[in-house]
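Colleague: Data: model.cif, mmCIF, C-alpha atoms and all ligand atoms.
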data_target
#
loop_
_atom_site.label_atom_id
_atom_site.label_comp_id
_atom_site.auth_asym_id
_atom_site.auth_seq_id
_atom_site.Cartn_x
_atom_site.Cartn_y
_atom_site.Cartn_z
CA MET A 138 22.48 -9.00 -0.55
CA SER A 139 20.73 -8.55 -3.93
CA PRO A 140 20.70 -5.09 -5.54
CA THR A 141 17.20 -3.61 -5.74
CA ARG A 142 15.51 -3.27 -9.11
CA SER A 143 13.54 -0.05 -9.16
CA VAL A 144 9.95 0.42 -10.37
CA SER A 145 8.87 3.62 -12.14
CA ILE A 146 5.45 5.05 -11.38
CA GLY A 147 5.05 8.23 -13.43
CA PRO A 148 7.65 10.63 -11.98
CA VAL A 149 8.26 8.43 -8.90
CA THR A 150 10.97 5.77 -8.68
CA LEU A 151 10.36 3.17 -5.98
CA GLY A 152 13.33 1.05 -4.98
CA GLY A 153 15.91 3.65 -6.02
CA LYS A 154 17.92 6.03 -3.89
CA HIS A 155 14.88 7.69 -2.37
CA PHE A 156 12.40 6.49 0.24
CA VAL A 157 8.80 6.76 -1.00
CA VAL A 158 5.67 7.33 1.09
CA ILE A 159 2.26 6.23 -0.19
CA ALA A 160 -0.60 7.68 1.86
CA GLY A 161 -4.36 8.10 1.72
CA PRO A 162 -7.58 6.70 3.08
CA CYS A 163 -8.38 3.03 3.42
CA SER A 164 -11.40 3.70 1.17
CA ILE A 165 -12.48 6.54 -1.08
CA GLU A 166 -15.70 7.68 0.64
CA SER A 167 -16.62 10.91 -1.15
CA GLU A 168 -15.16 13.57 -3.45
CA GLN A 169 -14.57 15.86 -0.51
CA GLN A 170 -12.92 13.23 1.70
CA PHE A 171 -10.52 11.99 -1.01
CA LEU A 172 -9.63 15.46 -2.29
CA GLU A 173 -8.97 16.76 1.22
CA THR A 174 -6.84 13.74 2.15
CA ALA A 175 -4.89 13.90 -1.10
CA THR A 176 -4.13 17.60 -0.65
CA THR A 177 -3.07 17.06 2.97
CA VAL A 178 -0.75 14.12 2.33
CA LYS A 179 0.80 15.81 -0.71
CA ALA A 180 1.54 18.94 1.33
CA ALA A 181 3.27 16.78 3.96
CA GLY A 182 5.44 15.09 1.31
CA ALA A 183 3.66 11.92 0.15
CA THR A 184 4.40 11.23 -3.50
CA LEU A 185 1.85 8.47 -4.18
CA LEU A 186 -1.80 8.42 -3.15
CA ARG A 187 -3.74 5.36 -1.97
CA GLY A 188 -7.50 4.90 -1.85
CA GLY A 189 -9.67 1.78 -1.96
CA ILE A 190 -12.44 1.63 -4.58
CA TYR A 191 -13.39 -2.05 -4.57
CA LYS A 192 -12.91 -3.34 -1.03
CA LEU A 193 -12.45 -6.90 0.22
CA ARG A 194 -13.91 -6.67 3.73
CA THR A 195 -13.97 -9.57 6.16
CA ASP A 196 -17.51 -8.65 7.28
CA PRO A 197 -20.10 -8.53 4.44
CA ASN A 198 -22.23 -6.17 6.54
CA THR A 199 -19.61 -3.40 6.40
CA PHE A 200 -18.85 -0.75 3.76
CA GLN A 201 -17.74 -2.46 0.54
CA GLY A 202 -16.27 0.56 -1.26
CA LEU A 203 -17.91 3.02 -3.64
CA GLY A 204 -17.12 0.88 -6.70
CA ASP A 205 -17.58 2.66 -10.01
CA ASP A 206 -18.37 6.01 -8.38
CA GLY A 207 -15.07 5.71 -6.48
CA LEU A 208 -13.34 5.27 -9.80
CA ARG A 209 -14.82 8.55 -11.04
CA ILE A 210 -13.59 10.30 -7.88
CA ALA A 211 -10.12 8.74 -8.24
CA ARG A 212 -9.82 10.05 -11.81
CA MET A 213 -10.85 13.53 -10.70
CA VAL A 214 -8.47 13.68 -7.71
CA ARG A 215 -5.55 12.20 -9.66
CA LYS A 216 -5.96 15.00 -12.21
CA THR A 217 -6.61 17.79 -9.69
CA VAL A 218 -3.89 16.93 -7.16
CA GLY A 219 -1.43 15.38 -9.61
CA LEU A 220 -0.35 12.36 -7.55
CA PRO A 221 -0.24 8.85 -9.05
CA ILE A 222 -2.81 6.51 -7.46
CA VAL A 223 -2.48 3.04 -5.92
CA THR A 224 -5.72 1.07 -5.58
CA GLU A 225 -6.66 -2.53 -4.95
CA VAL A 226 -7.95 -4.74 -7.74
CA THR A 227 -10.13 -7.47 -6.26
CA ASP A 228 -11.26 -9.19 -9.46
CA ALA A 229 -9.78 -9.53 -12.96
CA ARG A 230 -12.96 -8.00 -14.44
CA GLN A 231 -11.94 -4.66 -12.87
CA ILE A 232 -8.63 -4.51 -14.78
CA PRO A 233 -9.99 -2.83 -17.95
CA LEU A 234 -11.90 -0.29 -15.81
CA LEU A 235 -8.86 0.58 -13.69
CA VAL A 236 -6.00 0.36 -16.16
CA ASP A 237 -6.18 3.95 -17.48
CA ALA A 238 -7.53 5.54 -14.31
CA ILE A 239 -4.87 4.48 -11.81
CA ASP A 240 -1.09 3.97 -11.68
CA VAL A 241 -0.43 0.93 -9.46
CA PHE A 242 -2.58 -2.17 -8.99
CA GLN A 243 -2.61 -3.29 -5.37
CA VAL A 244 -3.11 -7.00 -4.77
CA GLY A 245 -4.43 -7.33 -1.25
CA SER A 246 -3.52 -9.84 1.39
CA ARG A 247 -6.63 -11.91 0.65
CA ASN A 248 -5.75 -12.20 -3.04
CA MET A 249 -2.02 -12.93 -2.88
CA TYR A 250 -2.79 -16.57 -3.66
CA ASN A 251 -5.13 -15.71 -6.56
CA TYR A 252 -2.76 -16.86 -9.27
CA GLU A 253 -5.24 -16.33 -12.10
CA LEU A 254 -5.56 -12.67 -11.05
CA LEU A 255 -1.76 -12.38 -10.91
CA LYS A 256 -1.45 -13.84 -14.41
CA GLU A 257 -3.97 -11.31 -15.74
CA LEU A 258 -2.11 -8.45 -14.04
CA ALA A 259 1.15 -9.69 -15.53
CA HIS A 260 -0.25 -8.99 -19.00
CA THR A 261 -0.87 -5.32 -18.19
CA GLY A 262 2.82 -4.57 -17.51
CA LYS A 263 1.62 -1.94 -15.03
CA PRO A 264 3.22 -1.75 -11.57
CA VAL A 265 1.74 -4.17 -9.03
CA LEU A 266 2.00 -3.70 -5.26
CA LEU A 267 1.84 -7.26 -3.94
CA LYS A 268 0.83 -7.51 -0.32
CA ARG A 269 1.91 -10.51 1.71
CA ALA A 270 -1.04 -12.72 2.59
CA PHE A 271 -1.55 -12.76 6.36
CA SER A 272 -0.98 -16.50 6.26
CA ALA A 273 1.90 -16.55 3.78
CA THR A 274 5.46 -17.62 4.36
CA ILE A 275 8.09 -15.42 2.75
CA GLU A 276 8.69 -18.18 0.21
CA GLU A 277 4.99 -18.27 -0.80
CA TRP A 278 4.98 -14.48 -1.12
CA LEU A 279 8.06 -14.47 -3.39
CA LEU A 280 6.55 -17.27 -5.48
CA ALA A 281 3.41 -15.16 -5.94
CA ALA A 282 5.66 -12.34 -7.16
CA GLU A 283 7.23 -14.80 -9.58
CA TYR A 284 3.81 -15.34 -11.21
CA LEU A 285 3.86 -11.65 -12.16
CA GLU A 286 7.48 -11.66 -13.32
CA LYS A 287 7.18 -14.94 -15.27
CA GLY A 288 4.05 -13.56 -16.89
CA GLY A 289 6.11 -10.68 -18.25
CA ASN A 290 5.64 -7.97 -15.62
CA PRO A 291 8.88 -7.04 -13.82
CA ASN A 292 7.24 -4.03 -12.11
CA VAL A 293 6.50 -5.64 -8.78
CA ILE A 294 6.66 -3.98 -5.34
CA LEU A 295 6.46 -6.22 -2.27
CA CYS A 296 4.50 -4.98 0.74
CA GLU A 297 4.85 -6.44 4.24
CA ARG A 298 1.49 -5.84 5.99
CA GLY A 299 1.65 -8.13 8.98
CA ILE A 300 0.88 -11.79 9.47
CA ARG A 301 -1.51 -13.64 11.74
CA THR A 302 0.21 -15.13 14.78
CA PHE A 303 -0.82 -16.41 18.23
CA GLU A 304 -0.68 -12.83 19.58
CA PRO A 305 -4.27 -11.56 19.89
CA ALA A 306 -3.48 -8.06 21.19
CA LEU A 307 -2.79 -6.58 17.77
CA ARG A 308 -4.61 -7.00 14.45
CA ASN A 309 -1.49 -8.57 12.95
CA THR A 310 2.17 -9.11 13.79
CA LEU A 311 4.27 -6.83 11.61
CA ASP A 312 7.20 -8.90 10.39
CA LEU A 313 9.92 -6.28 10.00
CA ALA A 314 12.64 -8.90 9.82
CA ALA A 315 11.12 -9.81 6.45
CA VAL A 316 12.50 -6.55 5.04
CA PRO A 317 16.24 -7.26 5.39
CA TYR A 318 15.64 -10.99 4.87
CA VAL A 319 13.83 -10.50 1.54
CA ARG A 320 16.80 -8.39 0.42
CA THR A 321 18.98 -11.51 0.60
CA LEU A 322 16.63 -13.38 -1.74
CA SER A 323 15.06 -10.91 -4.12
CA GLN A 324 15.80 -7.78 -6.12
CA LEU A 325 12.27 -6.47 -5.78
CA PRO A 326 11.60 -3.26 -3.87
CA ILE A 327 9.90 -3.82 -0.53
CA ILE A 328 7.68 -1.44 1.44
CA VAL A 329 5.89 -1.72 4.78
CA ASP A 330 2.24 -1.10 5.72
CA PRO A 331 2.21 -0.35 9.47
CA SER A 332 -1.54 0.45 9.36
CA HIS A 333 -2.74 -3.10 8.68
CA GLY A 334 0.43 -4.45 10.30
CA THR A 335 -0.60 -3.18 13.72
CA GLY A 336 -4.27 -2.11 13.50
CA ARG A 337 -3.61 0.72 15.95
CA ARG A 338 -3.26 4.44 15.22
CA ASP A 339 -0.76 5.02 18.05
CA LEU A 340 1.65 2.41 16.67
CA ILE A 341 1.92 3.81 13.14
CA LEU A 342 4.66 6.35 13.93
CA PRO A 343 7.07 4.01 15.78
CA MET A 344 6.64 1.17 13.29
CA SER A 345 7.10 3.55 10.34
CA LEU A 346 10.39 4.73 11.81
CA ALA A 347 11.44 1.14 12.49
CA ALA A 348 10.61 0.14 8.89
CA ALA A 349 12.78 2.97 7.57
CA ALA A 350 15.62 1.95 9.89
CA ALA A 351 15.26 -1.69 8.77
CA GLY A 352 15.91 -0.65 5.17
CA ALA A 353 12.45 -0.61 3.59
CA ASP A 354 12.06 1.30 0.31
CA GLY A 355 8.89 3.01 1.45
CA LEU A 356 5.67 2.97 3.45
CA LEU A 357 1.94 2.56 2.78
CA ILE A 358 -0.04 4.49 5.39
CA GLU A 359 -3.77 5.02 5.95
CA VAL A 360 -4.66 8.68 6.49
CA HIS A 361 -8.16 10.09 6.97
CA PRO A 362 -9.19 13.70 7.71
CA HIS A 363 -11.49 12.46 10.51
CA PRO A 364 -10.44 8.88 11.39
CA GLU A 365 -13.27 8.43 13.88
CA GLN A 366 -15.77 8.97 11.03
CA SER A 367 -14.00 6.65 8.60
CA LEU A 368 -16.15 4.00 6.90
CA SER A 369 -13.30 1.45 7.08
CA ASP A 370 -10.21 0.96 9.25
CA GLY A 371 -10.65 4.24 11.17
CA TYR A 372 -8.98 2.85 14.32
CA GLN A 373 -5.73 2.41 12.41
CA SER A 374 -5.93 5.61 10.34
CA ILE A 375 -4.01 8.72 11.32
CA ASP A 376 -5.14 12.29 10.64
CA GLY A 377 -3.34 15.04 8.72
CA PRO A 378 -1.37 16.52 11.67
CA MET A 379 -0.24 13.05 12.80
CA PHE A 380 0.89 12.32 9.26
CA ALA A 381 2.85 15.58 9.05
CA THR A 382 4.61 14.74 12.34
CA LEU A 383 5.39 11.26 11.05
CA MET A 384 7.01 12.69 7.90
CA THR A 385 9.18 15.04 9.95
CA GLN A 386 10.35 12.25 12.25
CA LEU A 387 10.89 9.94 9.29
CA GLU A 388 13.36 12.33 7.68
CA LYS A 389 15.54 12.18 10.78
CA ILE A 390 15.72 8.37 10.73
CA LEU A 391 16.26 8.36 6.96
CA ALA A 392 19.17 10.80 7.36
CA ALA A 393 20.76 8.32 9.77
CA VAL A 394 20.52 5.51 7.21
CA ASP A 395 21.56 7.80 4.33
CA ARG A 396 18.28 7.47 2.43
CA PRO A 397 16.65 10.74 1.34
CA LEU A 398 12.87 11.02 1.48
CA LEU A 399 11.29 11.64 -1.92
CA LYS A 400 9.13 14.71 -1.50
CA ASN A 401 8.04 16.88 -4.38
CA VAL A 402 7.59 15.28 -7.78
C1 LIG B 501 -5.98 -2.16 2.35
O1 LIG B 501 -4.86 -1.80 1.97
O2 LIG B 501 -6.92 -1.37 2.63
C2 LIG B 501 -6.21 -3.61 2.60
C3 LIG B 501 -7.42 -4.14 2.54
O3 LIG B 501 -5.09 -4.26 2.90
P1 LIG B 501 -4.80 -5.82 3.16
O4 LIG B 501 -5.07 -6.49 1.87
O5 LIG B 501 -3.35 -5.81 3.55
O6 LIG B 501 -5.70 -6.28 4.27
MN MN B 502 -7.58 -0.67 5.14
#
Transcribe the structure of this file into structure tokens.
Ligand code: PEP
Ligand code: MN
Modeller:
Amino acid sequence: MSPTRSVSIGPVTLGGKHFVVIAGPCSIESEQQFLETATTVKAAGATLLRGGIYKLRTDPNTFQGLGDDGLRIARMVRKTVGLPIVTEVTDARQIPLLVDAIDVFQVGSRNMYNYELLKELAHTGKPVLLKRAFSATIEEWLLAAEYLEKGGNPNVILCERGIRTFEPALRNTLDLAAVPYVRTLSQLPIIVDPSHGTGRRDLILPMSLAAAAAGADGLLIEVHPHPEQSLSDGYQSIDGPMFATLMTQLEKILAAVDRPLLKNV
């Protein structure tokens, strides 16, 4: 079992003693939607905020993110609510735009194999949340992380977000065994995204609890004030009350595994 190397994100330490919850909408849709979500998840105990600005959607006919206007909203909400922000970078040309406005670069499942992007992100030294590609073996995922580390950026957080299997009932198969298995191979912190991992709102709570019990360092959860109106991934987004319930239940499981939940920062 390798000891975990922690990553600092402003006042938050991920991979240390505390369990960290990252929450927010799949996409930033408007000032009002992002501000309301940020306030809600902060009140329930989230310590990092997520929100997509540049989206990589499978279907080109769907919402592609607000782009530069989303960046303006992210800056405003980060300042107003005071939570560090995690957002996906889909192209190296976005790095100079994002670098001062956000706190963690997310590399999405579709870009895990984009080694040129990883090399560029390595130069920034800024924390990178590296999602597992839905087709990646654990070895390929850890090698992608090595591109960041070899390039001079040790601030890497692994994120298990489900893989594509022969099971068609769910969007993906969440590979929770990857959490304790990666611990035997790597010192990097590892978190779980049950939202993309299942694709179903009703499965977020049980799989979040299971991830905590399996020893994950945190969670990445999609929350929307009105999931049925969401412009992306609404079917897997939970609302504010569901998120508050999840946080309460999570603390009970975390107590059993002796891992306090990081709440106010
Ligand atoms: C996301 O986090 O909204 C996202 C697109 O995730 P993934 O890259 O895991 O599909
Ligand atoms: Mn999403």
Colleague: Leaving out Leu203 (chain A) and any residue of its chain fewer than 3 positions from it, which residues lie within 12 Å of it when counting all atoms listed in the file, given as a list in words?
Modeller: Cys163, Ser164, Ile165, Glu166, Ser167, Glu168, Phe171, Gly188, Gly189, Ile190, Tyr191, Lys192, Leu193, Phe200, Asp206, Gly207, Leu208, Arg209, Ile210, Ala211, Leu368 and Ser369 of chain A
Colleague: Find the spatial neighbours of Pro331 (chain A), counting only C-alpha atoms, within a cut-off of 9 Å - ignore same-chain residues fewer than 6 positions away - and output them as a list in words.
Modeller: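 That gives Glu297, Arg298, Gly299, Leu311, Arg337, Leu340, Ile341, Leu342, Met344, Ser345, Ala348, Leu356, Leu357, Ile358, Glu359 and Gln373 of chain A.
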Colleague: What do you get as an mmCIF file with C-alpha atoms, keeping the file's coordinate frame if you pick all residues at most 6 Å from ligand LIG 501 (chain B), counting only C-alpha atoms and all ligand atoms?
Modeller:
data_model
loop_
_atom_site.group_PDB
_atom_site.id
_atom_site.type_symbol
_atom_site.label_atom_id
_atom_site.label_comp_id
_atom_site.auth_asym_id
_atom_site.auth_seq_id
_atom_site.Cartn_x
_atom_site.Cartn_y
_atom_site.Cartn_z
ATOM 1 C CA CYS A 163 -8.380 3.030 3.420
ATOM 2 C CA GLY A 245 -4.430 -7.330 -1.250
ATOM 3 C CA SER A 246 -3.520 -9.840 1.390
ATOM 4 C CA ARG A 247 -6.630 -11.910 0.650
ATOM 5 C CA LYS A 268 0.830 -7.510 -0.320
ATOM 6 C CA ARG A 298 1.490 -5.840 5.990
ATOM 7 C CA HIS A 333 -2.740 -3.100 8.680
#
Colleague: As an MDAnalysis selection string, please: the residues near Tyr372 (chain A) (cut-off 10 Å, all atoms listed in the file, same-chain neighbours under 6 positions excluded).
Modeller: chainID A and resid 332 336:339 364:366
Colleague: Using all atoms listed in the file, which protein or nucleic acid residues come within 10 Å of Gln169 (chain A)? Drop anything in the same chain fewer than 5 positions from it, and give the result as a compact mmCIF listing (two decimals) with C-alpha atoms, in the coordinates of the input.
Modeller:
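Once written, result_32.txt looks like this:
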# COMPACT_ATOMS: atom_id res chain seq x y z
CA THR A 174 -6.84 13.74 2.15
CA ALA A 175 -4.89 13.90 -1.10
CA ILE A 210 -13.59 10.30 -7.88
CA VAL A 214 -8.47 13.68 -7.71
Colleague: Is there a way to complete region 168-179 of chain A with all heavy atoms and then write that out as a PDB file, in the coordinates of the input?
Modeller:
ATOM      1  N   GLU A 168     -16.056  12.641  -2.756  1.00  0.00           N
ATOM      2  CA  GLU A 168     -15.160  13.570  -3.450  1.00  0.00           C
ATOM      3  C   GLU A 168     -14.393  14.402  -2.451  1.00  0.00           C
ATOM      4  O   GLU A 168     -13.184  14.549  -2.518  1.00  0.00           O
ATOM      5  CB  GLU A 168     -15.991  14.518  -4.324  1.00  0.00           C
ATOM      6  CG  GLU A 168     -16.182  14.031  -5.724  1.00  0.00           C
ATOM      7  CD  GLU A 168     -16.891  15.073  -6.577  1.00  0.00           C
ATOM      8  OE1 GLU A 168     -16.689  16.294  -6.382  1.00  0.00           O
ATOM      9  OE2 GLU A 168     -17.647  14.646  -7.450  1.00  0.00           O
ATOM     10  N   GLN A 169     -15.150  14.946  -1.488  1.00  0.00           N
ATOM     11  CA  GLN A 169     -14.570  15.860  -0.510  1.00  0.00           C
ATOM     12  C   GLN A 169     -13.515  15.164   0.344  1.00  0.00           C
ATOM     13  O   GLN A 169     -12.413  15.687   0.556  1.00  0.00           O
ATOM     14  CB  GLN A 169     -15.714  16.414   0.351  1.00  0.00           C
ATOM     15  CG  GLN A 169     -15.475  17.824   0.853  1.00  0.00           C
ATOM     16  CD  GLN A 169     -15.083  17.797   2.318  1.00  0.00           C
ATOM     17  OE1 GLN A 169     -15.475  16.877   3.023  1.00  0.00           O
ATOM     18  NE2 GLN A 169     -14.324  18.777   2.770  1.00  0.00           N
ATOM     19  N   GLN A 170     -13.849  13.971   0.829  1.00  0.00           N
ATOM     20  CA  GLN A 170     -12.920  13.230   1.700  1.00  0.00           C
ATOM     21  C   GLN A 170     -11.624  12.874   0.957  1.00  0.00           C
ATOM     22  O   GLN A 170     -10.532  13.008   1.495  1.00  0.00           O
ATOM     23  CB  GLN A 170     -13.610  11.958   2.222  1.00  0.00           C
ATOM     24  CG  GLN A 170     -12.720  10.987   2.983  1.00  0.00           C
ATOM     25  CD  GLN A 170     -12.396   9.717   2.169  1.00  0.00           C
ATOM     26  OE1 GLN A 170     -12.621   9.677   0.956  1.00  0.00           O
ATOM     27  NE2 GLN A 170     -11.889   8.718   2.828  1.00  0.00           N
ATOM     28  N   PHE A 171     -11.740  12.440  -0.305  1.00  0.00           N
ATOM     29  CA  PHE A 171     -10.520  11.990  -1.010  1.00  0.00           C
ATOM     30  C   PHE A 171      -9.666  13.192  -1.430  1.00  0.00           C
ATOM     31  O   PHE A 171      -8.445  13.168  -1.316  1.00  0.00           O
ATOM     32  CB  PHE A 171     -10.896  11.112  -2.209  1.00  0.00           C
ATOM     33  CG  PHE A 171      -9.736  10.302  -2.733  1.00  0.00           C
ATOM     34  CD1 PHE A 171      -8.872   9.639  -1.860  1.00  0.00           C
ATOM     35  CD2 PHE A 171      -9.510  10.193  -4.089  1.00  0.00           C
ATOM     36  CE1 PHE A 171      -7.789   8.886  -2.338  1.00  0.00           C
ATOM     37  CE2 PHE A 171      -8.435   9.439  -4.585  1.00  0.00           C
ATOM     38  CZ  PHE A 171      -7.581   8.794  -3.707  1.00  0.00           C
ATOM     39  N   LEU A 172     -10.351  14.253  -1.877  1.00  0.00           N
ATOM     40  CA  LEU A 172      -9.630  15.460  -2.290  1.00  0.00           C
ATOM     41  C   LEU A 172      -8.892  16.078  -1.102  1.00  0.00           C
ATOM     42  O   LEU A 172      -7.721  16.446  -1.196  1.00  0.00           O
ATOM     43  CB  LEU A 172     -10.632  16.456  -2.892  1.00  0.00           C
ATOM     44  CG  LEU A 172     -10.070  17.665  -3.624  1.00  0.00           C
ATOM     45  CD1 LEU A 172      -9.107  17.239  -4.740  1.00  0.00           C
ATOM     46  CD2 LEU A 172     -11.216  18.487  -4.208  1.00  0.00           C
ATOM     47  N   GLU A 173      -9.581  16.166   0.026  1.00  0.00           N
ATOM     48  CA  GLU A 173      -8.970  16.760   1.220  1.00  0.00           C
ATOM     49  C   GLU A 173      -7.770  15.913   1.688  1.00  0.00           C
ATOM     50  O   GLU A 173      -6.701  16.446   2.000  1.00  0.00           O
ATOM     51  CB  GLU A 173     -10.011  16.874   2.353  1.00  0.00           C
ATOM     52  CG  GLU A 173      -9.466  17.570   3.585  1.00  0.00           C
ATOM     53  CD  GLU A 173     -10.506  17.692   4.712  1.00  0.00           C
ATOM     54  OE1 GLU A 173     -11.719  17.548   4.452  1.00  0.00           O
ATOM     55  OE2 GLU A 173     -10.070  17.920   5.859  1.00  0.00           O
ATOM     56  N   THR A 174      -7.944  14.610   1.714  1.00  0.00           N
ATOM     57  CA  THR A 174      -6.840  13.740   2.150  1.00  0.00           C
ATOM     58  C   THR A 174      -5.660  13.847   1.196  1.00  0.00           C
ATOM     59  O   THR A 174      -4.505  13.948   1.624  1.00  0.00           O
ATOM     60  CB  THR A 174      -7.295  12.260   2.234  1.00  0.00           C
ATOM     61  OG1 THR A 174      -8.558  12.203   2.866  1.00  0.00           O
ATOM     62  CG2 THR A 174      -6.312  11.414   2.994  1.00  0.00           C
ATOM     63  N   ALA A 175      -5.959  13.840  -0.099  1.00  0.00           N
ATOM     64  CA  ALA A 175      -4.890  13.900  -1.100  1.00  0.00           C
ATOM     65  C   ALA A 175      -4.088  15.194  -0.960  1.00  0.00           C
ATOM     66  O   ALA A 175      -2.855  15.186  -0.982  1.00  0.00           O
ATOM     67  CB  ALA A 175      -5.493  13.798  -2.498  1.00  0.00           C
ATOM     68  N   THR A 176      -4.794  16.295  -0.783  1.00  0.00           N
ATOM     69  CA  THR A 176      -4.130  17.600  -0.650  1.00  0.00           C
ATOM     70  C   THR A 176      -3.261  17.613   0.601  1.00  0.00           C
ATOM     71  O   THR A 176      -2.119  18.081   0.578  1.00  0.00           O
ATOM     72  CB  THR A 176      -5.206  18.714  -0.590  1.00  0.00           C
ATOM     73  OG1 THR A 176      -6.108  18.502  -1.681  1.00  0.00           O
ATOM     74  CG2 THR A 176      -4.597  20.088  -0.701  1.00  0.00           C
ATOM     75  N   THR A 177      -3.800  17.090   1.688  1.00  0.00           N
ATOM     76  CA  THR A 177      -3.070  17.060   2.970  1.00  0.00           C
ATOM     77  C   THR A 177      -1.817  16.202   2.880  1.00  0.00           C
ATOM     78  O   THR A 177      -0.738  16.619   3.310  1.00  0.00           O
ATOM     79  CB  THR A 177      -3.996  16.485   4.076  1.00  0.00           C
ATOM     80  OG1 THR A 177      -5.166  17.274   4.137  1.00  0.00           O
ATOM     81  CG2 THR A 177      -3.320  16.471   5.428  1.00  0.00           C
ATOM     82  N   VAL A 178      -1.927  15.000   2.344  1.00  0.00           N
ATOM     83  CA  VAL A 178      -0.750  14.120   2.330  1.00  0.00           C
ATOM     84  C   VAL A 178       0.294  14.618   1.333  1.00  0.00           C
ATOM     85  O   VAL A 178       1.500  14.493   1.570  1.00  0.00           O
ATOM     86  CB  VAL A 178      -1.097  12.609   2.097  1.00  0.00           C
ATOM     87  CG1 VAL A 178      -2.004  12.092   3.194  1.00  0.00           C
ATOM     88  CG2 VAL A 178      -1.660  12.336   0.720  1.00  0.00           C
ATOM     89  N   LYS A 179      -0.163  15.247   0.257  1.00  0.00           N
ATOM     90  CA  LYS A 179       0.800  15.810  -0.710  1.00  0.00           C
ATOM     91  C   LYS A 179       1.585  16.946  -0.052  1.00  0.00           C
ATOM     92  O   LYS A 179       2.810  17.026  -0.180  1.00  0.00           O
ATOM     93  CB  LYS A 179       0.084  16.297  -1.961  1.00  0.00           C
ATOM     94  CG  LYS A 179       1.064  16.756  -3.030  1.00  0.00           C
ATOM     95  CD  LYS A 179       0.406  17.229  -4.295  1.00  0.00           C
ATOM     96  CE  LYS A 179       1.480  17.581  -5.335  1.00  0.00           C
ATOM     97  NZ  LYS A 179       0.919  18.163  -6.545  1.00  0.00           N
TER      98      LYS A 179
END
